[in-house]
$ cat final.txt   # compact mmCIF, C-alpha atoms
# COMPACT_ATOMS: atom_id res chain seq x y z
CA MET P 930 26.60 -58.75 -22.05
CA ARG P 931 29.79 -56.81 -21.25
CA GLN P 932 29.03 -54.30 -23.98
CA ARG P 933 25.55 -53.75 -22.59
CA LEU P 934 27.00 -53.34 -19.09
CA ALA P 935 29.57 -50.82 -20.40
CA GLU P 936 26.82 -48.85 -22.16
CA LEU P 937 24.76 -48.86 -18.99
CA SER P 938 27.77 -47.66 -17.01
CA ASP P 939 28.44 -44.87 -19.53
CA ASN P 940 24.80 -43.81 -19.41
CA LEU P 941 24.89 -43.81 -15.62
CA ASN P 942 28.04 -41.67 -15.65
CA GLN P 943 26.43 -39.22 -18.06
CA ILE P 944 23.35 -39.00 -15.85
CA GLU P 945 25.51 -38.42 -12.76
CA SER P 946 27.46 -35.75 -14.62
CA GLY P 947 24.22 -34.07 -15.71
CA ILE P 948 22.83 -34.19 -12.17
CA ALA P 949 26.04 -32.65 -10.80
CA GLU P 950 25.86 -29.88 -13.39
CA VAL P 951 22.17 -29.15 -12.68
CA LYS P 952 22.87 -29.19 -8.95
CA SER P 953 25.73 -26.76 -9.45
CA ASN P 954 23.57 -24.46 -11.59
CA VAL P 955 20.72 -24.47 -9.07
CA SER P 956 23.16 -23.82 -6.24
CA ALA P 957 24.75 -20.94 -8.14
CA ASP P 958 21.35 -19.43 -8.95
CA LEU P 959 20.22 -19.72 -5.34
CA GLN P 960 23.43 -18.15 -4.11
CA LYS P 961 23.03 -15.32 -6.62
CA VAL P 962 19.46 -14.61 -5.47
CA MET P 963 20.54 -14.62 -1.84
CA GLN P 964 23.45 -12.30 -2.63
CA GLU P 965 21.15 -9.88 -4.47
CA ALA P 966 18.73 -9.85 -1.52
CA ASP P 967 21.59 -9.14 0.89
CA SER P 968 22.82 -6.36 -1.38
CA ARG P 969 19.39 -4.74 -1.56
CA GLU P 970 19.07 -4.95 2.21
CA LYS P 971 22.43 -3.27 2.76
CA ILE P 972 21.59 -0.53 0.28
CA LEU P 973 18.26 0.10 2.02
CA GLU P 974 20.00 0.28 5.38
CA ALA P 975 22.44 2.80 3.94
CA LYS P 976 19.56 4.85 2.56
CA ILE P 977 17.93 4.84 6.00
CA ASP P 978 21.20 5.96 7.58
CA ASP P 979 21.49 8.73 4.97
CA GLN P 980 17.96 9.87 5.77
CA GLY P 981 18.86 9.89 9.46
CA ASP P 982 21.86 12.07 8.62
CA LYS P 983 19.62 14.45 6.68
CA LEU P 984 17.24 14.60 9.63
CA ARG P 985 20.11 15.41 11.98
CA LEU P 986 21.27 18.02 9.50
CA GLY P 987 17.83 19.62 9.47
CA MET P 988 17.67 19.54 13.26
CA GLY P 989 21.16 21.03 13.48
CA THR P 990 20.25 23.80 11.04
CA LEU P 991 17.08 24.50 13.00
CA GLN P 992 18.98 24.57 16.28
CA ALA P 993 21.57 26.90 14.77
CA ALA P 994 18.83 29.19 13.51
CA ILE P 995 17.14 29.17 16.91
CA GLY P 996 20.50 29.88 18.56
CA GLU P 997 21.12 32.83 16.24
CA GLY P 998 17.60 34.10 16.92
CA ARG P 999 18.17 33.92 20.64
CA GLN P 1000 21.49 35.70 20.34
CA GLY P 1001 19.99 38.48 18.25
CA GLY P 1002 16.76 38.84 20.22
CA ASN P 1003 18.01 38.19 23.75
CA SER P 1004 14.81 36.42 24.67
CA GLY P 1005 15.37 36.72 28.38
CA PRO P 1006 16.69 34.85 31.39
CA ASP P 1007 15.70 31.40 30.05
CA ASP P 1008 18.11 31.85 27.15
CA ASP P 1009 19.88 28.48 26.63
CA LYS P 1010 22.80 28.86 24.24
CA GLY P 1011 24.26 25.45 25.17
CA ASP P 1012 21.78 23.56 22.90
CA ALA P 1013 22.87 25.20 19.64
CA VAL P 1014 24.99 23.14 17.25
CA PRO P 1015 28.20 24.87 16.10
CA LEU P 1016 28.06 26.20 12.54
CA GLU P 1017 31.10 24.14 11.46
CA GLU P 1018 29.35 20.93 12.49
CA VAL P 1019 26.21 21.95 10.60
CA GLU P 1020 28.28 22.64 7.46
CA GLN P 1021 30.01 19.27 7.79
CA MET P 1022 26.67 17.49 8.18
CA GLN P 1023 25.36 19.32 5.11
CA ALA P 1024 28.31 18.16 3.02
CA GLU P 1025 27.90 14.55 4.19
CA ALA P 1026 24.15 14.60 3.57
CA MET P 1027 24.55 15.82 0.02
CA ASP P 1028 26.91 13.00 -0.85
CA GLY P 1029 24.66 10.09 0.21
CA LEU P 1030 27.94 8.58 1.30
CA ARG P 1031 26.66 5.43 2.97
CA GLU P 1032 24.35 4.53 0.11
CA GLY P 1033 27.11 4.97 -2.46
CA ILE P 1034 29.54 2.84 -0.47
CA ALA P 1035 26.89 0.17 0.13
CA LYS P 1036 26.19 0.00 -3.61
CA GLN P 1037 29.89 -0.36 -4.41
CA ILE P 1038 30.32 -3.07 -1.78
CA ALA P 1039 27.25 -4.88 -3.12
CA GLU P 1040 28.67 -4.83 -6.65
CA VAL P 1041 32.02 -6.21 -5.47
CA GLU P 1042 30.30 -8.91 -3.40
CA GLU P 1043 28.17 -9.86 -6.40
CA ASP P 1044 31.28 -10.15 -8.59
CA ILE P 1045 32.95 -12.33 -5.95
CA SER P 1046 29.84 -14.48 -5.70
CA VAL P 1047 29.75 -14.99 -9.47
CA MET P 1048 33.41 -15.97 -9.47
CA LYS P 1049 32.90 -18.41 -6.59
CA SER P 1050 29.94 -20.05 -8.31
CA ASP P 1051 31.90 -20.32 -11.57
CA ILE P 1052 34.80 -21.94 -9.75
CA GLN P 1053 32.42 -24.32 -7.95
CA ARG P 1054 30.67 -25.23 -11.20
CA GLN P 1055 33.99 -25.90 -12.93
CA GLY P 1056 35.13 -28.01 -9.99
CA ASP P 1057 31.94 -30.05 -10.13
CA ILE P 1058 32.29 -30.60 -13.87
CA ILE P 1059 35.93 -31.63 -13.52
CA GLU P 1060 35.02 -33.98 -10.67
CA ALA P 1061 32.21 -35.56 -12.71
CA ARG P 1062 34.48 -36.04 -15.72
CA LEU P 1063 37.25 -37.48 -13.58
CA LYS P 1064 34.79 -39.91 -12.04
CA SER P 1065 33.53 -40.81 -15.51
CA HIS P 1066 37.06 -41.48 -16.76
CA GLN P 1067 37.91 -43.51 -13.67
CA GLN P 1068 34.75 -45.56 -14.19
CA ALA P 1069 35.61 -46.05 -17.88
CA GLY P 1070 39.11 -47.16 -16.85
CA GLU P 1071 37.70 -49.70 -14.41
CA ASP P 1072 35.30 -51.01 -17.04
CA ALA P 1073 38.12 -51.44 -19.54
CA SER P 1074 40.18 -53.57 -17.18

$ encode --input "final.txt" --output "structure tokens"
Amino acid sequence: MRQRLAELSDNLNQIESGIAEVKSNVSADLQKVMQEADSREKILEAKIDDQGDKLRLGMGTLQAAIGEGRQGGNSGPDDDKGDAVPLEEVEQMQAEAMDGLREGIAKQIAEVEEDISVMKSDIQRQGDIIEARLKSHQQAGEDAS
């Protein structure tokens, strides 16, 4: 009877250990999917910001061209030179637009966050396994006494 009870206890411990491991795996997978979705969202936001920068660059270039046209043509008394963007600012916006700076940074951050997430899930999984084994050994120790 005691042997049968010990076998039942061992089987129960193995089942609990398996459940903890499956739970840990599912949790890690879910966390990974959520992390990937967050990363994609951040990259898309960065792409949108980069497109906004390119739009501002185009508008700045257009304003600079209009300003130069007004200066050269002296279109008359309604000449409004205050709206033109300085050439240095246009050049700076061009350099930033060519780099896709925000998108690149967002991708790098997403990669680092994904690595951190993987490490966290591995640590959690190892902790769960250790906890299940410790519980199993404690149970075996109680059964032996």

$ residues_near_point --input "final.txt" --point "(21.4, 8.0, 1.2)" --cutoff "12 Å" --atoms "only C-alpha atoms" --output "PyMOL selection string"
chain P and resi 971-984+1025-1036

$ atom_distance --input "final.txt" --atom1 "atom CA of Leu986 of chain P" --atom2 "atom CA of Leu1016 of chain P"
11.1 Å

$ residues_around --input "final.txt" --residues "Ala949 of chain P" --least-positions-apart "3" --cutoff "12 Å" --atoms "all atoms listed in the file" --output "number ranges by chain"
P: 942-946, 952-956, 1053-1062, 1064

$ write_last_selection --input "final.txt" --atoms "C-alpha atoms" --output "PDB file, in the coordinates of the input"
ATOM      1  CA  ASN P 942      28.040 -41.670 -15.650  1.00  0.00           C
ATOM      2  CA  GLN P 943      26.430 -39.220 -18.060  1.00  0.00           C
ATOM      3  CA  ILE P 944      23.350 -39.000 -15.850  1.00  0.00           C
ATOM      4  CA  GLU P 945      25.510 -38.420 -12.760  1.00  0.00           C
ATOM      5  CA  SER P 946      27.460 -35.750 -14.620  1.00  0.00           C
ATOM      6  CA  LYS P 952      22.870 -29.190  -8.950  1.00  0.00           C
ATOM      7  CA  SER P 953      25.730 -26.760  -9.450  1.00  0.00           C
ATOM      8  CA  ASN P 954      23.570 -24.460 -11.590  1.00  0.00           C
ATOM      9  CA  VAL P 955      20.720 -24.470  -9.070  1.00  0.00           C
ATOM     10  CA  SER P 956      23.160 -23.820  -6.240  1.00  0.00           C
ATOM     11  CA  GLN P1053      32.420 -24.320  -7.950  1.00  0.00           C
ATOM     12  CA  ARG P1054      30.670 -25.230 -11.200  1.00  0.00           C
ATOM     13  CA  GLN P1055      33.990 -25.900 -12.930  1.00  0.00           C
ATOM     14  CA  GLY P1056      35.130 -28.010  -9.990  1.00  0.00           C
ATOM     15  CA  ASP P1057      31.940 -30.050 -10.130  1.00  0.00           C
ATOM     16  CA  ILE P1058      32.290 -30.600 -13.870  1.00  0.00           C
ATOM     17  CA  ILE P1059      35.930 -31.630 -13.520  1.00  0.00           C
ATOM     18  CA  GLU P1060      35.020 -33.980 -10.670  1.00  0.00           C
ATOM     19  CA  ALA P1061      32.210 -35.560 -12.710  1.00  0.00           C
ATOM     20  CA  ARG P1062      34.480 -36.040 -15.720  1.00  0.00           C
ATOM     21  CA  LYS P1064      34.790 -39.910 -12.040  1.00  0.00           C
TER      22      LYS P1064
END
